[in-house]
Amino acid sequence: MRAVFRLVGLICVVVGLAIVTANQLRAQGPDDAEYIGSRECTSCHRDVGRTFEETPHGMALVDVTSDKEFILGDFSIGEELRMIPDGDETRAFTAADIAYVMGRETQIYVMEVDRGEYKILPAEWNGTAWHTLDLAATWDDAAYDWGTECASCHTTGFVEGRVRWEEEGVQCEACHGPGSVHADEADDAGGSINESEMEAIRAAINVNPDAEVCGQCHSREENGNGDEWWVTGHARLPNMQYNEWAESGHAHALDNLKNSDYATDECLMCHSADYRVVQEMIERREAEGEDAPAPEPLTLETAQSSVTCDACHNTHDLENPVETDCLSCHQQTVVTGEIHHPVREMVAGLPVIDGIDPKTSTHYTDENGPDCITCHMTDVPIEGNGTRVSHTWEIVQPGVEGIQSDSCTSCHEDVSANYLAEFISKTEERYRSRIDTARSVISNRVEVETWVIAALDFVETDGSYGVHNPAYADAVLDAVELELGLVQTNFTDGIYTPAAVDPAECVECHTDEHRQWQASPHANASLQDAFLLAYGEQGNPTYCMSCHGSGYSPDTNTYQFEGVVCTSCHTLPTEAEHPPGPVEVADDSEMCGRCHNGAHAPTYNEWLISDHRQAGVDCVDCHTPHNNGLIMGDSNTTCSDCHLDTMIDEVHMADDMTCVDCHMLRGENLTGHTMEIAPQVCADCHGELHSTGDEDGDEAAFIEEGTPVVHDTEEIENSSDDNNNVGAIAVAAAMGIVVLAIGLRKVM
């Protein structure tokens, strides 16, 4: 798991720009308290001290005057980037020039140029290469003065104006305040501590998880013009974590709770960081059997801190289970007695509504899949160099101009940012619409099953409107719409879903067929630009992959292979393996009709009412199944193989004409496979032969180009259904059944 706290770019330029003023920069303790050093702190707090020293805070400034081992930079490269003045000449700085290091991975180096005077060296090491730190035009500029620009946030007990400090790094007393009074109170109390002594010990040190303690360094002053922010609402400068947090829902969680009519003290565990800190202290004393009195639990009246930095970050330890922390609060709870922020349940596919089987999101189950911070704490570019983890908790929408990162394309590299933006927009729009429609129906009903309301609340209060887990959201809304009578059946109940086998397993024996298939429309059914465009415009409904992909599962809304693979058409009639078991040759038009039918692609429906069907001419009698071309190469040759007499018509079969010019007029939702001739086809060549007049003798309008050929789609479907009751599910879908599935998650 990546570290949540990173020292990247120029981490030290914040002092003087911080939101809080300089005399507030250090955490406050008693007025007469003095610094005692982290070694004194860890003499009692051993466990904390042992894990803290390896953290980014503990190593925010490391003295390497006598030991250069901590320096990671490779001084055999990047000489031209490391140039500094040296008398009248210039030279590349080396490890010997470095007195202090800031950072564990990305490292910024500090040189002592004179006694008590320190400058930032003009190149940083990012782990693999040197990068120039362009803070000013020349290295002599005050921007490179470490004492005024960096020292107060990289040391503990810094003395303003004198460039002196108590300890290197952000040690215990940088956040908890000077500890002498706290230590004296503990020493005076001895081994047996009564309640009043414990109160005095606690009062002498700052343990309040106030975000402003962190904000003293992790913030920037804003000029009021919005220049510090990307167009997406994410900060664009280094060290603006506090600025972002202050605008987030986390910052207002406690106030929102206190203003609620349903708030109880139990809610504070997720709405208040100081409540959580106190509860952990109480539980620790109970678990360890300590004699020292536990603090009193906080209440709605006494809690002060919202969801601050300490609610998620364990600053004393490198191990920080961020996703666990997110889902410990963003989950269904019994406290409210109703559906309340069930993100964990939606993402992980946990049961919430009785009778609705949960579906697990592939984001959650994929070994290399994303976690909460992948999308909600995206690395955003910062001015200067590098990136910083965002703390707005809002995703960076793909396809937004003006920012070079987003929350999606780092994983979904096979599709464009604009395509993903359209997918997210359409997905959210559809789920909102389905929820709104259901609630509108409910508002006009006297009685509605309570689970229906809970189901709608589940999808809505998850907050992602289907993006977290479209398969589960679909299943829930499907059940609601069936219950409310918005649909009559589940579309997915009849989808043709044959088992899929990797076509690479077929190529060893069927080399020629595989070569033909690779470039065919079938092989690229899910990859063609026209399909992807229409697919995105419709909000990426997953059921499309029952025909455009292979191995589709309506239960999980996932598919295994792109396009129509061999086993989509060739199936084993028994459970025997092939080879040696025989494979069914797909020469029946009904096999093609499983996908090529309905208003969307009515080829099969048209064929059902054609003379070809009556004569027993199937799809494969004209089409080559492996490359989807014509069996004789071109239309005239293919048609004349049966219709020999047609080729003697010297007028209609001239060099520049083909059979399909007259017999396969195509249009919207028409593929021409009835083989019937429309009147406008003749008019295109022969002119106004069929004009008529009205009763006044006025010339009537001729049949215009684009007039429906003979049958519209509905007529074709009704006729084909009468001719052949094949029960194709997609035919039913084309006649008006509401399709309910949205959101594609490809199984890797």
# chains A, B, ... in the order shown; residues from 1 in each chain; ligands from 1

$ residues_around --residues "Tyr472 (chain A)" --least-positions-apart "6" --cutoff "10 Å" --atoms "only C-alpha atoms" --output "PyMOL selection string"
chain A and resi 345-351+356-361+459+466+478+555-557+741

$ write_last_selection --atoms "N, CA, C and O atoms" --output "mmCIF file, in the first residue's frame"
data_model
loop_
_atom_site.group_PDB
_atom_site.id
_atom_site.type_symbol
_atom_site.label_atom_id
_atom_site.label_comp_id
_atom_site.auth_asym_id
_atom_site.auth_seq_id
_atom_site.Cartn_x
_atom_site.Cartn_y
_atom_site.Cartn_z
ATOM 1 N N GLU A 345 -20.754 -2.343 1.946
ATOM 2 C CA GLU A 345 -21.657 -3.385 1.478
ATOM 3 C C GLU A 345 -21.794 -3.380 -0.038
ATOM 4 O O GLU A 345 -21.845 -4.434 -0.678
ATOM 5 N N MET A 346 -21.834 -2.176 -0.624
ATOM 6 C CA MET A 346 -21.966 -2.084 -2.071
ATOM 7 C C MET A 346 -20.700 -2.561 -2.767
ATOM 8 O O MET A 346 -20.736 -3.365 -3.704
ATOM 9 N N VAL A 347 -19.551 -2.090 -2.311
ATOM 10 C CA VAL A 347 -18.292 -2.422 -2.973
ATOM 11 C C VAL A 347 -17.928 -3.891 -2.780
ATOM 12 O O VAL A 347 -17.536 -4.584 -3.725
ATOM 13 N N ALA A 348 -18.063 -4.374 -1.553
ATOM 14 C CA ALA A 348 -17.644 -5.751 -1.250
ATOM 15 C C ALA A 348 -18.706 -6.776 -1.603
ATOM 16 O O ALA A 348 -18.435 -7.978 -1.583
ATOM 17 N N GLY A 349 -19.920 -6.317 -1.927
ATOM 18 C CA GLY A 349 -20.985 -7.247 -2.268
ATOM 19 C C GLY A 349 -21.488 -8.010 -1.060
ATOM 20 O O GLY A 349 -21.531 -9.244 -1.052
ATOM 21 N N LEU A 350 -21.873 -7.283 -0.022
ATOM 22 C CA LEU A 350 -22.387 -7.899 1.199
ATOM 23 C C LEU A 350 -23.911 -7.799 1.221
ATOM 24 O O LEU A 350 -24.482 -6.826 0.712
ATOM 25 N N PRO A 351 -24.603 -8.772 1.817
ATOM 26 C CA PRO A 351 -26.072 -8.740 1.819
ATOM 27 C C PRO A 351 -26.627 -7.578 2.632
ATOM 28 O O PRO A 351 -26.154 -7.300 3.725
ATOM 29 N N ILE A 356 -32.370 -10.456 -2.034
ATOM 30 C CA ILE A 356 -31.576 -9.981 -3.171
ATOM 31 C C ILE A 356 -30.151 -10.474 -2.992
ATOM 32 O O ILE A 356 -29.467 -10.091 -2.039
ATOM 33 N N ASP A 357 -29.727 -11.342 -3.889
ATOM 34 C CA ASP A 357 -28.380 -11.897 -3.797
ATOM 35 C C ASP A 357 -27.353 -10.819 -4.130
ATOM 36 O O ASP A 357 -27.443 -10.165 -5.172
ATOM 37 N N PRO A 358 -26.369 -10.625 -3.266
ATOM 38 C CA PRO A 358 -25.351 -9.595 -3.533
ATOM 39 C C PRO A 358 -24.424 -9.987 -4.668
ATOM 40 O O PRO A 358 -24.234 -11.166 -4.965
ATOM 41 N N LYS A 359 -23.866 -8.996 -5.323
ATOM 42 C CA LYS A 359 -22.874 -9.191 -6.377
ATOM 43 C C LYS A 359 -21.597 -8.465 -5.951
ATOM 44 O O LYS A 359 -21.649 -7.343 -5.469
ATOM 45 N N THR A 360 -20.479 -9.107 -6.147
ATOM 46 C CA THR A 360 -19.210 -8.512 -5.740
ATOM 47 C C THR A 360 -18.596 -7.725 -6.887
ATOM 48 O O THR A 360 -18.559 -8.191 -8.014
ATOM 49 N N SER A 361 -18.105 -6.542 -6.586
ATOM 50 C CA SER A 361 -17.480 -5.699 -7.603
ATOM 51 C C SER A 361 -16.107 -6.250 -7.976
ATOM 52 O O SER A 361 -15.334 -6.673 -7.115
ATOM 53 N N VAL A 459 -28.972 1.901 -2.761
ATOM 54 C CA VAL A 459 -28.270 2.343 -3.969
ATOM 55 C C VAL A 459 -27.971 3.838 -3.900
ATOM 56 O O VAL A 459 -26.890 4.288 -4.293
ATOM 57 N N GLY A 466 -24.140 3.615 -8.834
ATOM 58 C CA GLY A 466 -23.813 2.483 -9.684
ATOM 59 C C GLY A 466 -22.358 2.301 -10.005
ATOM 60 O O GLY A 466 -21.948 1.218 -10.399
ATOM 61 N N ASP A 478 -33.359 -3.864 -10.215
ATOM 62 C CA ASP A 478 -34.187 -4.821 -10.957
ATOM 63 C C ASP A 478 -35.318 -5.333 -10.073
ATOM 64 O O ASP A 478 -36.486 -5.392 -10.488
ATOM 65 N N ASP A 555 -25.163 -12.510 -13.998
ATOM 66 C CA ASP A 555 -25.132 -12.431 -12.538
ATOM 67 C C ASP A 555 -24.109 -11.419 -12.053
ATOM 68 O O ASP A 555 -24.313 -10.756 -11.037
ATOM 69 N N THR A 556 -22.995 -11.316 -12.771
ATOM 70 C CA THR A 556 -21.938 -10.396 -12.344
ATOM 71 C C THR A 556 -21.736 -9.232 -13.298
ATOM 72 O O THR A 556 -20.944 -8.337 -13.010
ATOM 73 N N ASN A 557 -22.453 -9.261 -14.447
ATOM 74 C CA ASN A 557 -22.284 -8.223 -15.475
ATOM 75 C C ASN A 557 -20.834 -8.119 -15.946
ATOM 76 O O ASN A 557 -20.305 -7.036 -16.172
ATOM 77 N N ALA A 741 -29.654 -3.416 -16.956
ATOM 78 C CA ALA A 741 -28.272 -3.524 -16.498
ATOM 79 C C ALA A 741 -27.426 -2.381 -17.013
ATOM 80 O O ALA A 741 -27.555 -2.004 -18.144
#

$ select_by_dssp --residues "region 484-571 of chain A" --states "strand (DSSP E or B)" --output "mmCIF file with N, CA and C atoms, in the first residue's frame"
data_model
loop_
_atom_site.group_PDB
_atom_site.id
_atom_site.type_symbol
_atom_site.label_atom_id
_atom_site.label_comp_id
_atom_site.auth_asym_id
_atom_site.auth_seq_id
_atom_site.Cartn_x
_atom_site.Cartn_y
_atom_site.Cartn_z
ATOM 1 N N GLY A 549 -19.393 -9.396 -26.609
ATOM 2 C CA GLY A 549 -18.285 -10.056 -25.936
ATOM 3 C C GLY A 549 -18.595 -11.535 -25.803
ATOM 4 N N SER A 550 -17.732 -12.266 -25.130
ATOM 5 C CA SER A 550 -17.943 -13.705 -24.953
ATOM 6 C C SER A 550 -17.718 -14.078 -23.490
ATOM 7 N N SER A 553 -21.651 -12.977 -18.093
ATOM 8 C CA SER A 553 -22.441 -13.491 -16.979
ATOM 9 C C SER A 553 -23.433 -12.429 -16.538
ATOM 10 N N THR A 558 -20.181 -9.261 -16.080
ATOM 11 C CA THR A 558 -18.802 -9.285 -16.549
ATOM 12 C C THR A 558 -18.694 -10.215 -17.752
ATOM 13 N N PHE A 561 -13.984 -12.511 -22.767
ATOM 14 C CA PHE A 561 -13.184 -12.240 -23.955
ATOM 15 C C PHE A 561 -13.846 -11.160 -24.806
ATOM 16 N N GLU A 562 -12.995 -10.360 -25.468
ATOM 17 C CA GLU A 562 -13.499 -9.369 -26.410
ATOM 18 C C GLU A 562 -14.050 -10.086 -27.639
ATOM 19 N N THR A 571 -20.523 -25.190 -30.184
ATOM 20 C CA THR A 571 -20.709 -25.712 -28.831
ATOM 21 C C THR A 571 -20.629 -27.225 -28.820
#

$ residues_around --residues "Ala499 (chain A)" --least-positions-apart "6" --cutoff "8 Å" --atoms "only C-alpha atoms" --output "NGL selection string"
:A and (551 or 567-568)

$ residues_around --residues "Ala186 (chain A)" --least-positions-apart "4" --cutoff "7 Å" --atoms "only C-alpha atoms" --output "ChimeraX atom specification"
/A:182,190,201

$ residues_around --residues "region 404-419 of chain A" --least-positions-apart "6" --cutoff "6 Å" --atoms "only C-alpha atoms" --output "PyMOL selection string"
chain A and resi 375+378+395-398

$ write_last_selection --atoms "all heavy atoms" --output "CSV table (one decimal), in the first residue's frame"
chain,number,residue,atom,x,y,z
A,375,CYS,N,-9.0,5.9,-6.2
A,375,CYS,CA,-9.9,6.8,-6.9
A,375,CYS,C,-10.2,8.1,-6.2
A,375,CYS,O,-10.3,9.2,-6.8
A,375,CYS,CB,-11.3,6.1,-7.2
A,375,CYS,SG,-11.1,4.6,-8.1
A,378,THR,N,-6.5,10.6,-5.4
A,378,THR,CA,-5.7,10.5,-6.6
A,378,THR,C,-4.4,11.4,-6.5
A,378,THR,O,-4.5,12.5,-5.9
A,378,THR,CB,-6.5,10.9,-7.8
A,378,THR,OG1,-7.7,10.1,-7.9
A,378,THR,CG2,-5.7,10.8,-9.1
A,395,ILE,N,-13.2,12.4,-6.7
A,395,ILE,CA,-12.4,11.9,-7.8
A,395,ILE,C,-12.1,13.0,-8.7
A,395,ILE,O,-12.8,14.0,-8.8
A,395,ILE,CB,-13.2,10.7,-8.5
A,395,ILE,CG1,-14.4,11.3,-9.3
A,395,ILE,CG2,-13.6,9.7,-7.5
A,395,ILE,CD1,-14.9,10.3,-10.3
A,396,VAL,N,-10.9,12.8,-9.4
A,396,VAL,CA,-10.6,13.7,-10.5
A,396,VAL,C,-11.2,13.1,-11.8
A,396,VAL,O,-10.8,12.1,-12.3
A,396,VAL,CB,-9.0,13.7,-10.7
A,396,VAL,CG1,-8.7,14.7,-11.8
A,396,VAL,CG2,-8.4,14.1,-9.4
A,397,GLN,N,-12.2,13.8,-12.2
A,397,GLN,CA,-13.0,13.3,-13.4
A,397,GLN,C,-12.1,13.2,-14.6
A,397,GLN,O,-11.3,14.1,-14.9
A,397,GLN,CB,-14.2,14.2,-13.7
A,397,GLN,CG,-15.3,14.2,-12.7
A,397,GLN,CD,-16.2,13.0,-12.8
A,397,GLN,OE1,-16.0,12.2,-13.8
A,397,GLN,NE2,-17.2,12.9,-11.9
A,398,PRO,N,-12.2,12.1,-15.4
A,398,PRO,CA,-11.4,12.0,-16.6
A,398,PRO,C,-11.9,13.0,-17.7
A,398,PRO,O,-13.1,13.4,-17.6
A,398,PRO,CB,-11.6,10.6,-17.0
A,398,PRO,CG,-12.9,10.2,-16.4
A,398,PRO,CD,-13.0,10.9,-15.1

$ select_by_dssp --residues "region 95-280 of chain A" --states "helix (DSSP H, G or I)" --output "VMD selection string"
chain A and resid 95 to 97 142 to 144 146 to 149 151 to 154 172 to 176 180 to 189 195 to 203 211 to 215 241 to 246 250 to 258 265 to 271 273 to 280

$ closest_atom_pairs --of "region 595-672 of chain A" --to "region 521-537 of chain A" --cutoff "9 Å" --atoms "only C-alpha atoms" --output "Markdown table"
| residue | atom | partner | partner_atom | distance |
| --- | --- | --- | --- | --- |
| A:Pro625 | CA | A:His522 | CA | 8.9 |
| A:His626 | CA | A:His522 | CA | 8.1 |
| A:Asn627 | CA | A:Pro521 | CA | 7.2 |
| A:Asn628 | CA | A:Pro521 | CA | 6.8 |

$ atom_distance --atom1 "CA of Ala615 (chain A)" --atom2 "CA of Cys547 (chain A)"
27.7 Å

$ atom_distance --atom1 "CA of Leu237 (chain A)" --atom2 "CA of Ile382 (chain A)"
5.1 Å

$ closest_residue --among "A:Arg236, A:Glu481, A:Asn225, A:Ala211" --to "His313 (chain A)" --atoms "only C-alpha atoms"
A:Ala211

$ residues_around --residues "Met591 (chain A)" --least-positions-apart "2" --cutoff "12 Å" --atoms "only C-alpha atoms" --output "PyMOL selection string"
chain A and resi 496+498+547+567-571+584-589+593-597+604+618-620+625+726+728
